[in-house]
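Report on the following structure.
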Amino acid sequence: MKILITGVAGFIGHTLAIRMLERGDEVVGIDNLNHYYDVRLKENRLVRLSAYPKFRFIKLDLADRDGMKALFATEKFDKVMNLAAQAGVRYSIENPQAYIEANIVGFTNVLEGARHNGVQHLVYASSSSVYGANTKLPFAESDSVDHPISLYAASKKANELMAHTYSDLFKLPTTGLRFFTVYGPWGRPDMALFKFTKAILASETIQVFNHGNMVRDFTYIDDIIEGVVRVIDNTAQPDPGWTGNAPNPATSYAPYRVYNIGNNSPVQLMRYINALEDQLGKKAIMEMLPMQPGDVPATQADVSRLEHDVGFKPATKVEDGIAKFVKWYRDYYKS
């Protein structure tokens, strides 16, 4: 099939593109190559993709309405995976406008392109951040997510609502994927694992928030990609059992779905740091700090719906995933 992957120079985007290309799909990738983090890392991801003859890259911003309209009209994609977004919980406090442009305006352009050009299935990245102030664990797709605590989370919840509207009005099949703390080779430098590794190797202090009492459902990149591919191939359908008397937020009478993709095995932050120390052969210098605004103390994904519908459940142990990341980091940075 011919698939559009937005945010293709990103961590998840470029890894997904490789997987789709290796199974024989044609991939068109777009990215605006913004400076949120090191552009050289994004460019090197694109270098990897350039080795595949069925890959084409177009530099384009989701918020470019005319550019997006022309892209969809010209290319006629079978399916779309929207991974382009302004990411980061903490940055959304500093620069809220970036989230509106990329995550709201940009996503509208994706929806419009898919609607008018016969796209068979639109899959898009949501986030575990939508669970916000919820404290019942594990987080389930059927839970209410009406109390976000960052603009990033609010923008992702908005994406889910926007997608449902298009599924209802235009019968566009859409599936949202709530990712839980993705990590692994070629990851994002703004994420904790990347920051911790760089600081520990340089004998610099790492900041440990909530005094180390954070719990996260760390999910290895290969598990994320396996789940994404299976969802792309499993086009959203109306749920015949859905009722407005007891509305399930995860499904609909329209062709609409939402899934968690997480490891379903939450890990204490200190265990995460200890595993990293073991791989680096070096102890971290830690500064214990209180919780930051926009953060939540714990996340855990209920992945029973994903397992039921597409037959997959992430299971990579954090020690194994960190070992693979450290090997990549040492090779990439010659450290």
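Letters for chains follow the order of the structure tokens (A, B, ...), residue numbers begin at 1 for each chain, and ligand numbers begin at 1 in the order shown.
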How would you write, as a PyMOL selection string, the set of residues in stretch 21-260 of chain A that DSSP gives as alpha helix (DSSP H)?
chain A and resi 21-22+39-49+65-75+91-94+96-99+106-116+151-170+192-201+221-233
Contact residues around A:Glu141 with only C-alpha atoms at 9 Å, ignoring same-chain residues under 3 positions, as a list in words:
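These residues fall inside the cut-off: Ser144, Val145, Arg178, Asn248, Pro249, Ala250, Thr251, Val258, Tyr259, Asn260, Ala301, Asp302, Val303 and Arg305 of chain A.
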Choose the residue, out of A:Pro53, A:Gly13, A:Gly118, A:Gly106, that has the smallest atom-to-atom separation from A:Glu75; count only C-alpha atoms.
A:Gly118
Using only C-alpha atoms, which residues sit within 12 Å of A:Arg216 once same-chain residues fewer than 2 positions away are excluded, as a PyMOL selection string?
chain A and resi 128-129+137-139+179-183+192+212-214+218-219+262-272+295-301+318
Long-range neighbours of A:Asn234 as an MDAnalysis selection string, 9 Å cut-off, only C-alpha atoms, 6 positions minimum in chain
chainID A and resid 121 309:310
Name the residues in contact with A:Leu280 at a cut-off of 9 Å, using only C-alpha atoms, excluding same-chain residues fewer than 2 positions from it; report them as a tab-separated table (two decimals) with all heavy atoms, in the first residue's frame.
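The resulting file, out.tsv, is reproduced below:
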```
chain	number	residue	atom	x	y	z
A	197	THR	N	21.60	9.43	30.25
A	197	THR	CA	22.78	8.79	29.68
A	197	THR	C	23.88	9.81	29.42
A	197	THR	O	25.05	9.61	29.79
A	197	THR	CB	22.42	8.05	28.39
A	197	THR	OG1	21.43	7.06	28.67
A	197	THR	CG2	23.63	7.37	27.77
A	200	ILE	N	25.27	11.14	32.88
A	200	ILE	CA	26.05	10.16	33.64
A	200	ILE	C	27.42	9.97	33.01
A	200	ILE	O	28.44	9.94	33.70
A	200	ILE	CB	25.29	8.82	33.75
A	200	ILE	CG1	24.05	8.99	34.63
A	200	ILE	CG2	26.19	7.73	34.32
A	200	ILE	CD1	23.10	7.79	34.60
A	201	LEU	N	27.46	9.86	31.70
A	201	LEU	CA	28.75	9.68	31.01
A	201	LEU	C	29.66	10.89	31.21
A	201	LEU	O	30.89	10.76	31.23
A	201	LEU	CB	28.53	9.41	29.52
A	201	LEU	CG	27.96	8.03	29.17
A	201	LEU	CD1	27.63	7.95	27.69
A	201	LEU	CD2	28.95	6.93	29.56
A	275	ALA	N	19.14	0.42	36.17
A	275	ALA	CA	19.41	-0.37	34.96
A	275	ALA	C	20.35	0.38	34.03
A	275	ALA	O	21.23	-0.22	33.40
A	275	ALA	CB	18.10	-0.71	34.26
A	276	LEU	N	20.15	1.68	33.95
A	276	LEU	CA	21.03	2.50	33.10
A	276	LEU	C	22.45	2.54	33.68
A	276	LEU	O	23.44	2.42	32.92
A	276	LEU	CB	20.46	3.91	32.98
A	276	LEU	CG	21.25	4.90	32.12
A	276	LEU	CD1	21.44	4.38	30.70
A	276	LEU	CD2	20.55	6.25	32.10
A	277	GLU	N	22.56	2.70	34.99
A	277	GLU	CA	23.88	2.68	35.64
A	277	GLU	C	24.60	1.37	35.36
A	277	GLU	O	25.81	1.36	35.07
A	277	GLU	CB	23.72	2.88	37.14
A	277	GLU	CG	23.26	4.26	37.57
A	277	GLU	CD	22.98	4.33	39.06
A	277	GLU	OE1	22.51	3.32	39.64
A	277	GLU	OE2	23.22	5.40	39.65
A	278	ASP	N	23.88	0.26	35.42
A	278	ASP	CA	24.48	-1.05	35.17
A	278	ASP	C	25.05	-1.14	33.75
A	278	ASP	O	26.14	-1.66	33.53
A	278	ASP	CB	23.45	-2.16	35.39
A	278	ASP	CG	23.08	-2.35	36.85
A	278	ASP	OD1	23.84	-1.86	37.72
A	278	ASP	OD2	22.04	-2.98	37.12
A	282	LYS	N	28.59	2.96	35.51
A	282	LYS	CA	28.91	4.21	36.19
A	282	LYS	C	27.70	4.67	37.00
A	282	LYS	O	26.57	4.57	36.52
A	282	LYS	CB	29.29	5.27	35.15
A	282	LYS	CG	29.91	6.52	35.71
A	282	LYS	CD	30.42	7.41	34.56
A	282	LYS	CE	31.10	8.65	35.12
A	282	LYS	NZ	31.60	9.52	34.03
A	283	LYS	N	27.93	5.19	38.19
A	283	LYS	CA	26.85	5.64	39.05
A	283	LYS	C	26.42	7.06	38.69
A	283	LYS	O	27.23	7.90	38.29
A	283	LYS	CB	27.28	5.60	40.52
A	283	LYS	CG	27.38	4.20	41.09
A	283	LYS	CD	26.01	3.54	41.18
A	283	LYS	CE	26.07	2.17	41.80
A	283	LYS	NZ	24.71	1.54	41.85
A	323	ALA	N	19.53	-1.74	27.60
A	323	ALA	CA	20.79	-2.29	27.06
A	323	ALA	C	20.92	-1.98	25.56
A	323	ALA	O	21.99	-1.60	25.08
A	323	ALA	CB	20.86	-3.79	27.30
A	326	VAL	N	21.62	1.84	25.11
A	326	VAL	CA	22.99	2.22	25.45
A	326	VAL	C	23.96	1.78	24.36
A	326	VAL	O	24.89	2.53	23.99
A	326	VAL	CB	23.41	1.65	26.82
A	326	VAL	CG1	24.91	1.81	27.06
A	326	VAL	CG2	22.63	2.35	27.93
```
Show me, as a JSON list (two decimals) with C-alpha atoms, in the first residue's frame, the residues that have an atom within 10 Å of A:Arg230 when counting only C-alpha atoms, minus same-chain residues fewer than 5 positions from it.
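Okay, this is what ended up in around25.json:
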```
[["chain", "number", "residue", "atom", "x", "y", "z"],
["A", 225, "ILE", "CA", 6.01, -0.28, 16.16],
["A", 235, "THR", "CA", -9.12, -0.61, 9.88],
["A", 306, "LEU", "CA", -5.25, -3.96, 21.94],
["A", 309, "ASP", "CA", -8.39, -6.72, 18.68],
["A", 310, "VAL", "CA", -4.95, -7.11, 17.07],
["A", 311, "GLY", "CA", -3.41, -9.99, 19.04],
["A", 312, "PHE", "CA", -0.42, -8.12, 20.46]]
```
Which one of A:Gly67, A:Gly132, A:Gly24, A:Gly176 sits closest to A:Val80 if you count only C-alpha atoms?
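The closest residue to A:Val80 is A:Gly176.
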Please determine, counting only C-alpha atoms, which residue among A:Asn44, A:Gln97, A:Thr243, A:Thr6 has the shortest atom-to-atom distance to A:Asn32.
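Of A:Asn44, A:Gln97, A:Thr243, A:Thr6, the one nearest A:Asn32 is A:Thr6, counting only C-alpha atoms.
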DSSP-assigned strand (DSSP E or B) among stretch 108-274 of chain A, expressed as number ranges by chain
A: 121-127, 139, 174-179, 182-183, 205-208, 215-216, 219-220, 256-261, 267-268
Residue neighbourhood A:Phe194, 9 Å, only C-alpha atoms, exclusion window fewer than 4 positions, as a PDB file with C-alpha atoms, in the first residue's frame:
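Saved the output as selection13.pdb:
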```
ATOM      1  CA  TYR A 183      12.192   4.712  24.612  1.00  0.00           C
ATOM      2  CA  GLY A 187      15.166   8.184  20.678  1.00  0.00           C
ATOM      3  CA  ARG A 188      14.421  11.811  21.516  1.00  0.00           C
ATOM      4  CA  PRO A 189      17.115  13.845  23.305  1.00  0.00           C
ATOM      5  CA  ASP A 190      14.474  15.611  25.420  1.00  0.00           C
ATOM      6  CA  LYS A 198      24.478  11.950  28.470  1.00  0.00           C
ATOM      7  CA  ALA A 199      24.797  13.361  31.996  1.00  0.00           C
ATOM      8  CA  PHE A 325      19.573   1.916  23.800  1.00  0.00           C
ATOM      9  CA  TYR A 329      24.074   5.594  22.025  1.00  0.00           C
TER      10      TYR A 329
END
```
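When atom CA of A:Gln237 is paired with atom CA of A:Ala154, their separation reads 25.5 Å.
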Computed interatomic separation between atom CA of A:Gly7 and atom CA of A:Lys42 (Å)
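Computing the Euclidean distance for atom CA of A:Gly7 and atom CA of A:Lys42 yields 9.8 Å.
Proximity to A:Lys156 was assessed for A:Pro96, A:Ala114, A:Ala87, A:Ala246 counting only C-alpha atoms; the smallest distance is recorded for A:Ala87.
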Nearest to A:Phe170 by atom-to-atom distance, counting only C-alpha atoms, from A:His14, A:Arg115, A:Lys195, A:Lys136:
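Among A:His14, A:Arg115, A:Lys195, A:Lys136, it is A:Arg115 that comes nearest to A:Phe170.
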